[in-house]
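Colleague: As input, take start20.pdb (PDB, C-alpha atoms):
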```pdb
ATOM      1  CA  MET B   1      -1.327   4.737 -18.107
ATOM      2  CA  LYS B   2      -2.552   8.065 -16.715
ATOM      3  CA  ALA B   3      -6.266   8.270 -16.061
ATOM      4  CA  HIS B   4      -7.986  10.964 -18.117
ATOM      5  CA  LEU B   5      -9.909  12.836 -15.446
ATOM      6  CA  SER B   6     -10.642  16.543 -15.319
ATOM      7  CA  PRO B   7      -8.925  18.395 -12.464
ATOM      8  CA  VAL B   8     -12.228  18.830 -10.621
ATOM      9  CA  ALA B   9     -13.163  15.174 -11.067
ATOM     10  CA  ALA B  10      -9.726  14.077  -9.906
ATOM     11  CA  ALA B  11      -9.909  16.149  -6.738
ATOM     12  CA  LEU B  12     -13.435  14.953  -6.056
ATOM     13  CA  ALA B  13     -12.423  11.317  -6.501
ATOM     14  CA  ALA B  14      -9.573  11.712  -4.022
ATOM     15  CA  ALA B  15     -11.842  13.426  -1.505
ATOM     16  CA  VAL B  16     -14.491  10.711  -1.837
ATOM     17  CA  PHE B  17     -11.843   8.024  -1.254
ATOM     18  CA  VAL B  18     -10.664   9.559   2.011
ATOM     19  CA  THR B  19     -14.218  10.314   3.169
ATOM     20  CA  LEU B  20     -15.282   6.738   2.487
ATOM     21  CA  LEU B  21     -12.484   5.375   4.642
ATOM     22  CA  ALA B  22     -13.396   7.697   7.481
ATOM     23  CA  SER B  23     -17.058   6.742   7.179
ATOM     24  CA  GLN B  24     -16.200   3.073   7.355
ATOM     25  CA  ALA B  25     -14.133   3.689  10.487
ATOM     26  CA  CYS B  26     -16.963   5.572  12.162
ATOM     27  CA  ALA B  27     -19.435   2.846  11.243
ATOM     28  CA  ALA B  28     -17.172   0.389  13.026
ATOM     29  CA  GLY B  29     -17.247   2.534  16.142
ATOM     30  CA  ALA B  30     -13.723   3.973  15.755
ATOM     31  CA  PRO B  31     -12.822   7.676  15.548
ATOM     32  CA  PRO B  32     -12.064   8.861  11.967
ATOM     33  CA  GLU B  33      -8.308   9.065  12.514
ATOM     34  CA  ALA B  34      -8.162   5.480  13.844
ATOM     35  CA  ALA B  35      -8.496   3.884  10.399
ATOM     36  CA  GLU B  36      -6.321   6.253   8.421
ATOM     37  CA  ARG B  37      -5.003   4.897   5.157
ATOM     38  CA  VAL B  38      -3.021   6.497   2.378
ATOM     39  CA  GLY B  39      -4.872   7.930  -0.584
ATOM     40  CA  ILE B  40      -4.810   6.313  -4.010
ATOM     41  CA  SER B  41      -4.165   8.769  -6.819
ATOM     42  CA  PRO B  42      -6.908   9.411  -9.360
ATOM     43  CA  TYR B  43      -4.091   9.977 -11.856
ATOM     44  CA  GLY B  44      -3.066   6.337 -11.994
ATOM     45  CA  PRO B  45      -0.976   3.744 -10.121
ATOM     46  CA  GLN B  46       2.381   5.289 -11.073
ATOM     47  CA  ASP B  47       1.521   8.856 -10.065
ATOM     48  CA  GLU B  48       4.104  10.472  -7.768
ATOM     49  CA  ILE B  49       3.062  14.138  -7.727
ATOM     50  CA  GLY B  50      -0.596  14.105  -6.730
ATOM     51  CA  MET B  51      -2.523  17.314  -7.300
ATOM     52  CA  LEU B  52       0.399  18.907  -9.140
ATOM     53  CA  ASN B  53      -0.985  16.995 -12.130
ATOM     54  CA  LYS B  54      -3.446  19.868 -12.415
ATOM     55  CA  ILE B  55      -0.663  22.077 -13.753
ATOM     56  CA  THR B  56      -0.899  22.156 -17.545
ATOM     57  CA  PRO B  57       0.381  24.456 -20.294
ATOM     58  CA  GLU B  58      -3.161  25.838 -20.483
ATOM     59  CA  SER B  59      -3.424  26.552 -16.755
ATOM     60  CA  THR B  60       0.009  28.177 -16.765
ATOM     61  CA  LEU B  61      -0.826  30.449 -19.686
ATOM     62  CA  LYS B  62      -4.143  31.356 -18.094
ATOM     63  CA  VAL B  63      -2.525  32.786 -14.973
ATOM     64  CA  LEU B  64       0.318  34.471 -16.876
ATOM     65  CA  ARG B  65      -2.228  36.359 -18.957
ATOM     66  CA  ARG B  66      -3.662  37.824 -15.760
ATOM     67  CA  ILE B  67      -0.418  39.470 -14.589
ATOM     68  CA  ALA B  68      -1.194  43.096 -13.836
ATOM     69  CA  SER B  69       2.065  44.418 -12.390
ATOM     70  CA  GLY B  70       5.800  44.162 -12.721
ATOM     71  CA  LYS B  71       6.276  44.161  -8.965
ATOM     72  CA  THR B  72       7.744  40.929  -7.681
ATOM     73  CA  TYR B  73       7.378  39.595  -4.148
ATOM     74  CA  ASP B  74      10.037  37.267  -2.783
ATOM     75  CA  LEU B  75       8.358  34.676  -0.543
ATOM     76  CA  SER B  76      11.525  33.040   0.774
ATOM     77  CA  VAL B  77      13.433  33.545   3.997
ATOM     78  CA  GLU B  78      17.204  33.882   4.124
ATOM     79  CA  PHE B  79      19.305  30.868   5.081
ATOM     80  CA  TYR B  80      21.852  31.660   7.793
ATOM     81  CA  VAL B  81      23.688  30.124  10.718
ATOM     82  CA  GLY B  82      21.402  30.088  13.747
ATOM     83  CA  MET B  83      18.151  30.161  11.740
ATOM     84  CA  PRO B  84      15.126  28.251  13.049
ATOM     85  CA  SER B  85      14.926  24.604  12.000
ATOM     86  CA  TYR B  86      14.045  21.238  13.462
ATOM     87  CA  TYR B  87      17.384  20.787  15.206
ATOM     88  CA  PHE B  88      15.498  20.214  18.453
ATOM     89  CA  LEU B  89      14.347  16.910  16.905
ATOM     90  CA  GLY B  90      17.921  15.950  16.062
ATOM     91  CA  GLN B  91      18.136  17.243  12.485
ATOM     92  CA  PRO B  92      21.291  19.081  11.415
ATOM     93  CA  ARG B  93      21.274  22.842  11.608
ATOM     94  CA  PHE B  94      22.060  25.010   8.605
ATOM     95  CA  GLN B  95      25.805  25.463   8.388
ATOM     96  CA  ILE B  96      27.999  27.284   5.876
ATOM     97  CA  TRP B  97      31.777  27.269   5.752
ATOM     98  CA  ASN B  98      34.524  28.478   3.465
ATOM     99  CA  VAL B  99      36.485  25.881   1.540
ATOM    100  CA  HIS B 100      38.394  28.468  -0.481
ATOM    101  CA  THR B 101      39.398  31.939   0.658
ATOM    102  CA  PRO B 102      41.699  34.471  -1.039
ATOM    103  CA  GLN B 103      44.379  34.192   1.650
ATOM    104  CA  GLY B 104      43.987  30.428   1.969
ATOM    105  CA  THR B 105      44.466  30.010  -1.763
ATOM    106  CA  ILE B 106      47.706  31.955  -1.594
ATOM    107  CA  VAL B 107      48.963  29.863   1.302
ATOM    108  CA  ASP B 108      47.804  26.441   0.089
ATOM    109  CA  ASP B 109      48.273  27.082  -3.640
ATOM    110  CA  PRO B 110      45.837  24.244  -4.576
ATOM    111  CA  ASN B 111      46.221  24.884  -8.306
ATOM    112  CA  GLY B 112      49.998  25.175  -8.220
ATOM    113  CA  LEU B 113      49.859  28.633  -9.741
ATOM    114  CA  GLY B 114      52.078  30.460  -7.262
ATOM    115  CA  LYS B 115      51.594  33.476  -5.045
ATOM    116  CA  GLU B 116      51.633  36.099  -7.793
ATOM    117  CA  LYS B 117      48.766  34.618  -9.801
ATOM    118  CA  ASN B 118      46.768  33.696  -6.730
ATOM    119  CA  SER B 119      47.154  37.234  -5.424
ATOM    120  CA  LEU B 120      45.920  38.732  -8.702
ATOM    121  CA  VAL B 121      42.755  36.615  -9.006
ATOM    122  CA  THR B 122      41.124  36.114  -5.622
ATOM    123  CA  TYR B 123      39.197  32.907  -5.091
ATOM    124  CA  SER B 124      36.294  32.331  -2.689
ATOM    125  CA  GLY B 125      34.161  29.185  -2.453
ATOM    126  CA  ALA B 126      31.706  28.012   0.190
ATOM    127  CA  ALA B 127      29.964  24.764   1.093
ATOM    128  CA  PHE B 128      26.844  24.294   3.176
ATOM    129  CA  SER B 129      24.815  21.556   4.785
ATOM    130  CA  MET B 130      21.303  21.425   6.207
ATOM    131  CA  TYR B 131      18.210  19.330   6.776
ATOM    132  CA  ALA B 132      16.093  19.199   3.597
ATOM    133  CA  HIS B 133      13.185  20.837   5.435
ATOM    134  CA  THR B 134      15.038  23.982   6.454
ATOM    135  CA  GLY B 135      13.908  27.499   5.612
ATOM    136  CA  THR B 136      11.336  28.044   2.878
ATOM    137  CA  HIS B 137      10.799  24.617   1.396
ATOM    138  CA  ILE B 138       8.228  22.238  -0.062
ATOM    139  CA  ASP B 139       7.477  18.706   1.068
ATOM    140  CA  ALA B 140       7.430  15.801  -1.354
ATOM    141  CA  LEU B 141       4.585  13.309  -0.995
ATOM    142  CA  SER B 142       7.081  10.827   0.458
ATOM    143  CA  HIS B 143       7.746  13.041   3.489
ATOM    144  CA  PHE B 144       4.989  11.501   5.610
ATOM    145  CA  GLY B 145       3.080   8.273   5.276
ATOM    146  CA  LEU B 146       0.661   6.037   7.135
ATOM    147  CA  ASN B 147       1.070   2.439   8.206
ATOM    148  CA  GLY B 148       4.216   1.809   6.158
ATOM    149  CA  GLN B 149       2.969   3.397   2.939
ATOM    150  CA  ILE B 150       3.085   6.796   1.279
ATOM    151  CA  TYR B 151       0.592   8.396  -1.105
ATOM    152  CA  ASN B 152      -0.664   6.142  -3.873
ATOM    153  CA  GLY B 153       0.181   2.980  -1.959
ATOM    154  CA  PHE B 154       3.949   2.930  -2.422
ATOM    155  CA  LYS B 155       5.473   0.827   0.337
ATOM    156  CA  THR B 156       8.325   2.121   2.447
ATOM    157  CA  ASP B 157      10.077  -1.250   2.609
ATOM    158  CA  GLU B 158      10.089  -1.486  -1.199
ATOM    159  CA  GLN B 159      10.726   2.093  -2.294
ATOM    160  CA  LEU B 160      13.022   3.706   0.308
ATOM    161  CA  GLY B 161      16.689   2.815  -0.011
ATOM    162  CA  ASP B 162      19.956   4.180   1.298
ATOM    163  CA  ARG B 163      20.002   6.675  -1.577
ATOM    164  CA  GLY B 164      16.546   8.043  -0.934
ATOM    165  CA  TRP B 165      13.094   7.355  -2.304
ATOM    166  CA  ARG B 166      12.708   5.468  -5.571
ATOM    167  CA  LYS B 167       9.158   6.791  -5.762
ATOM    168  CA  ALA B 168       7.770  10.236  -4.995
ATOM    169  CA  GLY B 169      11.128  11.983  -4.602
ATOM    170  CA  ILE B 170      11.127  15.758  -4.832
ATOM    171  CA  GLU B 171      12.871  15.639  -8.225
ATOM    172  CA  LYS B 172       9.559  14.476  -9.714
ATOM    173  CA  PHE B 173       7.849  17.792  -8.968
ATOM    174  CA  PRO B 174       7.364  20.050 -11.992
ATOM    175  CA  PRO B 175       7.928  23.804 -11.934
ATOM    176  CA  ILE B 176       4.853  25.252 -10.264
ATOM    177  CA  ILE B 177       3.181  28.221 -11.926
ATOM    178  CA  ALA B 178      -0.395  28.813 -10.838
ATOM    179  CA  ARG B 179      -2.755  31.333  -9.341
ATOM    180  CA  GLY B 180      -1.675  32.121  -5.809
ATOM    181  CA  LEU B 181      -4.121  33.081  -3.093
ATOM    182  CA  LEU B 182      -3.162  34.668   0.233
ATOM    183  CA  LEU B 183      -5.520  34.121   3.147
ATOM    184  CA  ASP B 184      -4.431  36.588   5.811
ATOM    185  CA  VAL B 185      -6.167  34.970   8.780
ATOM    186  CA  ALA B 186      -4.302  37.094  11.319
ATOM    187  CA  ARG B 187      -5.548  40.347   9.774
ATOM    188  CA  TYR B 188      -9.081  38.961   9.431
ATOM    189  CA  LYS B 189      -9.142  38.268  13.154
ATOM    190  CA  GLY B 190      -7.773  41.726  13.964
ATOM    191  CA  LEU B 191      -4.444  40.394  15.236
ATOM    192  CA  GLU B 192      -0.800  40.995  14.467
ATOM    193  CA  MET B 193      -0.240  37.287  15.077
ATOM    194  CA  LEU B 194      -2.475  34.346  15.919
ATOM    195  CA  PRO B 195      -2.116  33.041  19.488
ATOM    196  CA  GLU B 196       0.215  30.180  20.287
ATOM    197  CA  SER B 197      -1.097  26.746  19.251
ATOM    198  CA  TYR B 198      -4.219  28.288  17.694
ATOM    199  CA  GLY B 199      -5.906  25.886  15.295
ATOM    200  CA  ILE B 200      -7.243  27.750  12.263
ATOM    201  CA  THR B 201     -10.861  26.757  11.650
ATOM    202  CA  VAL B 202     -12.857  26.329   8.461
ATOM    203  CA  ALA B 203     -14.895  29.359   9.543
ATOM    204  CA  ASP B 204     -11.665  31.378   9.795
ATOM    205  CA  LEU B 205     -10.749  30.508   6.212
ATOM    206  CA  GLN B 206     -14.240  31.204   4.910
ATOM    207  CA  GLY B 207     -14.424  34.512   6.738
ATOM    208  CA  THR B 208     -10.973  35.567   5.531
ATOM    209  CA  ALA B 209     -11.801  34.825   1.897
ATOM    210  CA  ARG B 210     -15.092  36.681   2.211
ATOM    211  CA  ALA B 211     -13.481  39.715   3.867
ATOM    212  CA  GLN B 212     -10.776  39.847   1.191
ATOM    213  CA  GLY B 213     -13.311  39.492  -1.619
ATOM    214  CA  VAL B 214     -11.640  36.445  -3.155
ATOM    215  CA  ASP B 215     -13.011  33.145  -4.387
ATOM    216  CA  PHE B 216     -11.271  29.786  -4.482
ATOM    217  CA  GLU B 217     -10.323  28.388  -7.876
ATOM    218  CA  ASP B 218      -9.405  24.833  -8.736
ATOM    219  CA  GLY B 219      -5.632  24.635  -9.092
ATOM    220  CA  ASP B 220      -4.791  27.363  -6.568
ATOM    221  CA  VAL B 221      -1.577  27.590  -4.581
ATOM    222  CA  ILE B 222      -2.939  28.783  -1.235
ATOM    223  CA  MET B 223      -0.791  30.650   1.283
ATOM    224  CA  VAL B 224      -2.122  31.045   4.837
ATOM    225  CA  ARG B 225      -0.769  33.823   7.051
ATOM    226  CA  THR B 226      -0.676  33.434  10.824
ATOM    227  CA  GLY B 227       1.714  36.355  11.432
ATOM    228  CA  ARG B 228       4.223  33.949  12.970
ATOM    229  CA  MET B 229       6.951  34.998  10.541
ATOM    230  CA  GLN B 230       7.443  38.141  12.629
ATOM    231  CA  LEU B 231       9.245  35.916  15.137
ATOM    232  CA  PHE B 232      11.518  34.197  12.619
ATOM    233  CA  LYS B 233      14.685  35.897  13.827
ATOM    234  CA  ASP B 234      14.000  34.713  17.368
ATOM    235  CA  ALA B 235      14.375  30.976  16.794
ATOM    236  CA  ASP B 236      13.277  29.817  20.243
ATOM    237  CA  LYS B 237      10.006  31.756  20.088
ATOM    238  CA  TYR B 238       9.348  30.941  16.439
ATOM    239  CA  MET B 239       9.762  27.174  16.568
ATOM    240  CA  HIS B 240       7.454  26.071  19.359
ATOM    241  CA  ASN B 241       3.675  26.070  19.969
ATOM    242  CA  THR B 242       2.897  27.373  16.525
ATOM    243  CA  PRO B 243      -0.561  28.418  15.358
ATOM    244  CA  GLY B 244      -1.493  26.664  12.142
ATOM    245  CA  LEU B 245      -3.954  24.573  10.211
ATOM    246  CA  THR B 246      -6.024  21.699  11.520
ATOM    247  CA  ARG B 247      -6.961  18.593   9.573
ATOM    248  CA  GLU B 248     -10.429  20.058   8.963
ATOM    249  CA  SER B 249      -9.202  23.411   7.663
ATOM    250  CA  ALA B 250      -6.549  21.802   5.458
ATOM    251  CA  ASN B 251      -9.141  19.415   4.020
ATOM    252  CA  PHE B 252     -11.360  22.427   3.348
ATOM    253  CA  LEU B 253      -8.633  23.955   1.171
ATOM    254  CA  ALA B 254      -7.923  20.666  -0.582
ATOM    255  CA  ASP B 255     -11.634  20.223  -1.290
ATOM    256  CA  ARG B 256     -11.585  23.586  -3.058
ATOM    257  CA  GLY B 257      -8.853  22.517  -5.406
ATOM    258  CA  ALA B 258      -5.609  23.594  -3.684
ATOM    259  CA  ILE B 259      -2.565  22.022  -5.329
ATOM    260  CA  VAL B 260      -0.100  23.432  -2.765
ATOM    261  CA  ILE B 261      -0.753  24.789   0.726
ATOM    262  CA  GLY B 262       1.849  26.999   2.391
ATOM    263  CA  VAL B 263       2.030  28.602   5.828
ATOM    264  CA  ASP B 264       4.295  31.206   7.446
ATOM    265  CA  ASN B 265       5.296  28.901  10.287
ATOM    266  CA  ILE B 266       7.694  26.008  10.792
ATOM    267  CA  SER B 267       5.097  23.244  10.923
ATOM    268  CA  THR B 268       1.958  24.004   8.820
ATOM    269  CA  ASP B 269       0.108  22.114  11.577
ATOM    270  CA  ALA B 270      -1.120  23.815  14.714
ATOM    271  CA  TRP B 271       1.317  22.584  17.329
ATOM    272  CA  PRO B 272       0.954  20.557  19.438
ATOM    273  CA  SER B 273      -1.598  18.412  17.627
ATOM    274  CA  GLN B 274      -5.213  18.732  18.661
ATOM    275  CA  GLU B 275      -5.794  15.057  17.852
ATOM    276  CA  SER B 276      -5.176  12.311  20.376
ATOM    277  CA  ARG B 277      -3.801   9.675  17.972
ATOM    278  CA  ASN B 278      -2.134  11.584  15.151
ATOM    279  CA  TRP B 279       0.715  13.875  16.196
ATOM    280  CA  ILE B 280       0.908  15.676  12.837
ATOM    281  CA  PRO B 281      -2.474  15.398  11.097
ATOM    282  CA  VAL B 282      -2.102  18.078   8.416
ATOM    283  CA  HIS B 283       1.146  16.602   7.139
ATOM    284  CA  SER B 284      -0.198  13.072   7.116
ATOM    285  CA  SER B 285      -3.567  13.968   5.600
ATOM    286  CA  MET B 286      -2.336  16.342   2.884
ATOM    287  CA  LEU B 287       0.771  14.412   1.830
ATOM    288  CA  SER B 288      -0.401  10.861   2.492
ATOM    289  CA  GLN B 289      -4.102  10.995   1.735
ATOM    290  CA  ARG B 290      -4.856  13.970  -0.480
ATOM    291  CA  GLY B 291      -1.688  14.261  -2.557
ATOM    292  CA  VAL B 292      -1.354  17.980  -1.800
ATOM    293  CA  PRO B 293       2.231  19.205  -1.205
ATOM    294  CA  ILE B 294       2.664  21.587   1.705
ATOM    295  CA  MET B 295       5.193  24.308   2.453
ATOM    296  CA  GLN B 296       6.628  25.866   5.571
ATOM    297  CA  ASN B 297       8.436  29.092   6.469
ATOM    298  CA  VAL B 298       6.883  31.047   3.591
ATOM    299  CA  PHE B 299       7.522  34.785   3.880
ATOM    300  CA  LEU B 300       4.131  36.465   3.463
ATOM    301  CA  GLU B 301       4.675  39.768   5.259
ATOM    302  CA  GLN B 302       5.132  41.992   2.213
ATOM    303  CA  LEU B 303       2.141  40.535   0.394
ATOM    304  CA  ALA B 304       0.057  41.078   3.524
ATOM    305  CA  ALA B 305       1.284  44.639   4.046
ATOM    306  CA  ASP B 306       0.298  45.539   0.478
ATOM    307  CA  ARG B 307      -2.923  43.521   0.721
ATOM    308  CA  VAL B 308      -2.089  41.565  -2.390
ATOM    309  CA  TYR B 309      -4.365  38.567  -2.181
ATOM    310  CA  GLN B 310      -4.218  37.169  -5.729
ATOM    311  CA  PHE B 311      -1.044  36.676  -7.717
ATOM    312  CA  ALA B 312       0.825  34.529 -10.180
ATOM    313  CA  TRP B 313       2.834  32.108  -8.055
ATOM    314  CA  PHE B 314       6.160  30.755  -9.301
ATOM    315  CA  GLY B 315       8.224  28.096  -7.583
ATOM    316  CA  ALA B 316      10.435  25.100  -8.271
ATOM    317  CA  PRO B 317      12.249  22.960  -5.709
ATOM    318  CA  LEU B 318      15.833  21.842  -6.119
ATOM    319  CA  LYS B 319      15.896  18.538  -8.017
ATOM    320  CA  LEU B 320      17.375  16.438  -5.234
ATOM    321  CA  ARG B 321      16.945  12.859  -6.391
ATOM    322  CA  GLY B 322      15.086  10.723  -3.866
ATOM    323  CA  ALA B 323      14.708  13.519  -1.312
ATOM    324  CA  ASP B 324      11.467  13.976   0.628
ATOM    325  CA  GLY B 325      11.609  17.752   0.348
ATOM    326  CA  ALA B 326      13.777  20.615  -0.852
ATOM    327  CA  PRO B 327      14.344  24.341  -0.456
ATOM    328  CA  MET B 328      12.709  26.663  -2.931
ATOM    329  CA  ARG B 329      12.433  30.384  -3.531
ATOM    330  CA  PRO B 330       8.852  31.145  -4.547
ATOM    331  CA  LEU B 331       7.889  34.425  -6.179
ATOM    332  CA  ALA B 332       4.579  36.234  -6.519
ATOM    333  CA  ILE B 333       3.452  38.813  -9.103
ATOM    334  CA  PRO B 334       0.034  40.508  -8.688
ATOM    335  CA  ILE B 335      -2.703  39.587 -11.163
ATOM    336  CA  ARG B 336      -6.038  41.040 -12.176
TER     337      ARG B 336
END
```
Please, can you express the file's structure as structure tokens?
Modeller:
Amino acid sequence: MKAHLSPVAAALAAAVFVTLLASQACAAGAPPEAAERVGISPYGPQDEIGMLNKITPESTLKVLRRIASGKTYDLSVEFYVGMPSYYFLGQPRFQIWNVHTPQGTIVDDPNGLGKEKNSLVTYSGAAFSMYAHTGTHIDALSHFGLNGQIYNGFKTDEQLGDRGWRKAGIEKFPPIIARGLLLDVARYKGLEMLPESYGITVADLQGTARAQGVDFEDGDVIMVRTGRMQLFKDADKYMHNTPGLTRESANFLADRGAIVIGVDNISTDAWPSQESRNWIPVHSSMLSQRGVPIMQNVFLEQLAADRVYQFAWFGAPLKLRGADGAPMRPLAIPIR
């Protein structure tokens, strides 16, 4: 049965749970990250989507009523051979190949129609393969866990089979329509791009919001710009030593009601990690503890150039059953 909590109360309950665990660890003389445990959802023991529960017909209609323009911003990168991805960790690169071509169809005649008919109607068909976390994509809550569990206490040895996750697969995510908020940290700091491995601070986020004249709202999809996307076509430069969020700055956004956090880099996290024990703290804290999906490789350059900081945000991942993430093509339309 789903617990009947308001969105604010639900977020607060999740934050209190994580804070309590950290406090207990500190009281025992251990650093906060030493006693990390997964978060338990305030939406009930069967919840698999975390803070996306805040999306309701009412919240969707509320943001749609604020649309103030017909201009649409495409927040996705192109997928192409040679694009940046985590192939340096052993994951497969994006690859596309032709399985049907006009000339090949004439030669092979797979349908038995003969040269004349195959010459009249040309036939092209492609196939592709890639790691689920390639290009602009969103992470399911199963993507990272802690101590053999994922968000809401689902155990890896019980819920992950050869056909993917039985719990918290990306197919469980609903279409996401919410207020979007761009925090252009690079512009706020007077830079084209944040320095390599720069960890965005809470003060950076607060200062950016203040400079842009925007307030946080519960249920926001928050996009953070580092300027790193300008290097996307140079894979070697783009992939390594990325500026990004820290655990503290990501928690700051989650505490203010973010239901999705996206960044224009390959990792979301500042890389390498600034923590001694946890090599990827933003992923593990947002997905495993807070129930906040995160996104990578979000194209924010056009929004930033036009200084569009508030918008209706539309996105839906591919419904890949049991997958821990999926590509998506988010869109933004300015709002009042």
Colleague: Counting all atoms listed in the file, give me one row per residue of segment 283-312 of chain B with an atom at most 8 Å from an atom of segment 47-59 of chain B, showing the shortest contact pair and its distance in Å to one decimal, sorted by chain then residue number, as a tab-separated table.
Modeller:
```
residue	atom	partner	partner_atom	distance
B:Arg290	CA	B:Gly50	CA	7.6
B:Gly291	CA	B:Gly50	CA	4.3
B:Val292	CA	B:Met51	CA	5.7
B:Pro293	CA	B:Met51	CA	8.0
```
Colleague: Have a look at B:Pro281, B:Gly135, B:Gly90, B:Pro327 and name the one nearest to Ala250 of chain B; count only C-alpha atoms.
Modeller: B:Pro281
Colleague: Against segment 141-146 of chain B, which residues of segment 266-317 of chain B fall within 6 Å? For each one I want the closest pair of atoms and the distance in Å (one decimal), counting all atoms listed in the file, rows by chain and increasing residue number, as CSV.
Modeller:
```
residue,atom,partner,partner_atom,distance
B:Ser284,CA,B:Phe144,CA,5.6
B:Leu287,CA,B:Leu141,CA,4.9
B:Ser288,CA,B:Gly145,CA,5.2
```
Colleague: Expand the PyMOL selection byres ((chain B and resi 164-176) around 8) into the explicit residue set it covers here, and present it as JSON, numbers by chain.
Modeller: {"B": [48, 49, 52, 55, 139, 140, 141, 142, 154, 159, 160, 161, 162, 163, 177, 178, 313, 314, 315, 316, 317, 318, 319, 320, 321, 322, 323, 324, 325, 326]}
Colleague: Which one of B:Thr136, B:Arg329, B:Leu191, B:Val308 sits closest to Ser69 of chain B if you count all atoms listed in the file?
Modeller: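 Using all atoms listed in the file, the shortest distance to Ser69 of chain B belongs to B:Val308.
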Colleague: Let me know the residues the PyMOL selection byres ((chain B and resi 331) around 6) catches in the file above, as a ChimeraX atom specification.
Modeller: /B:73-75,313-314,330,332
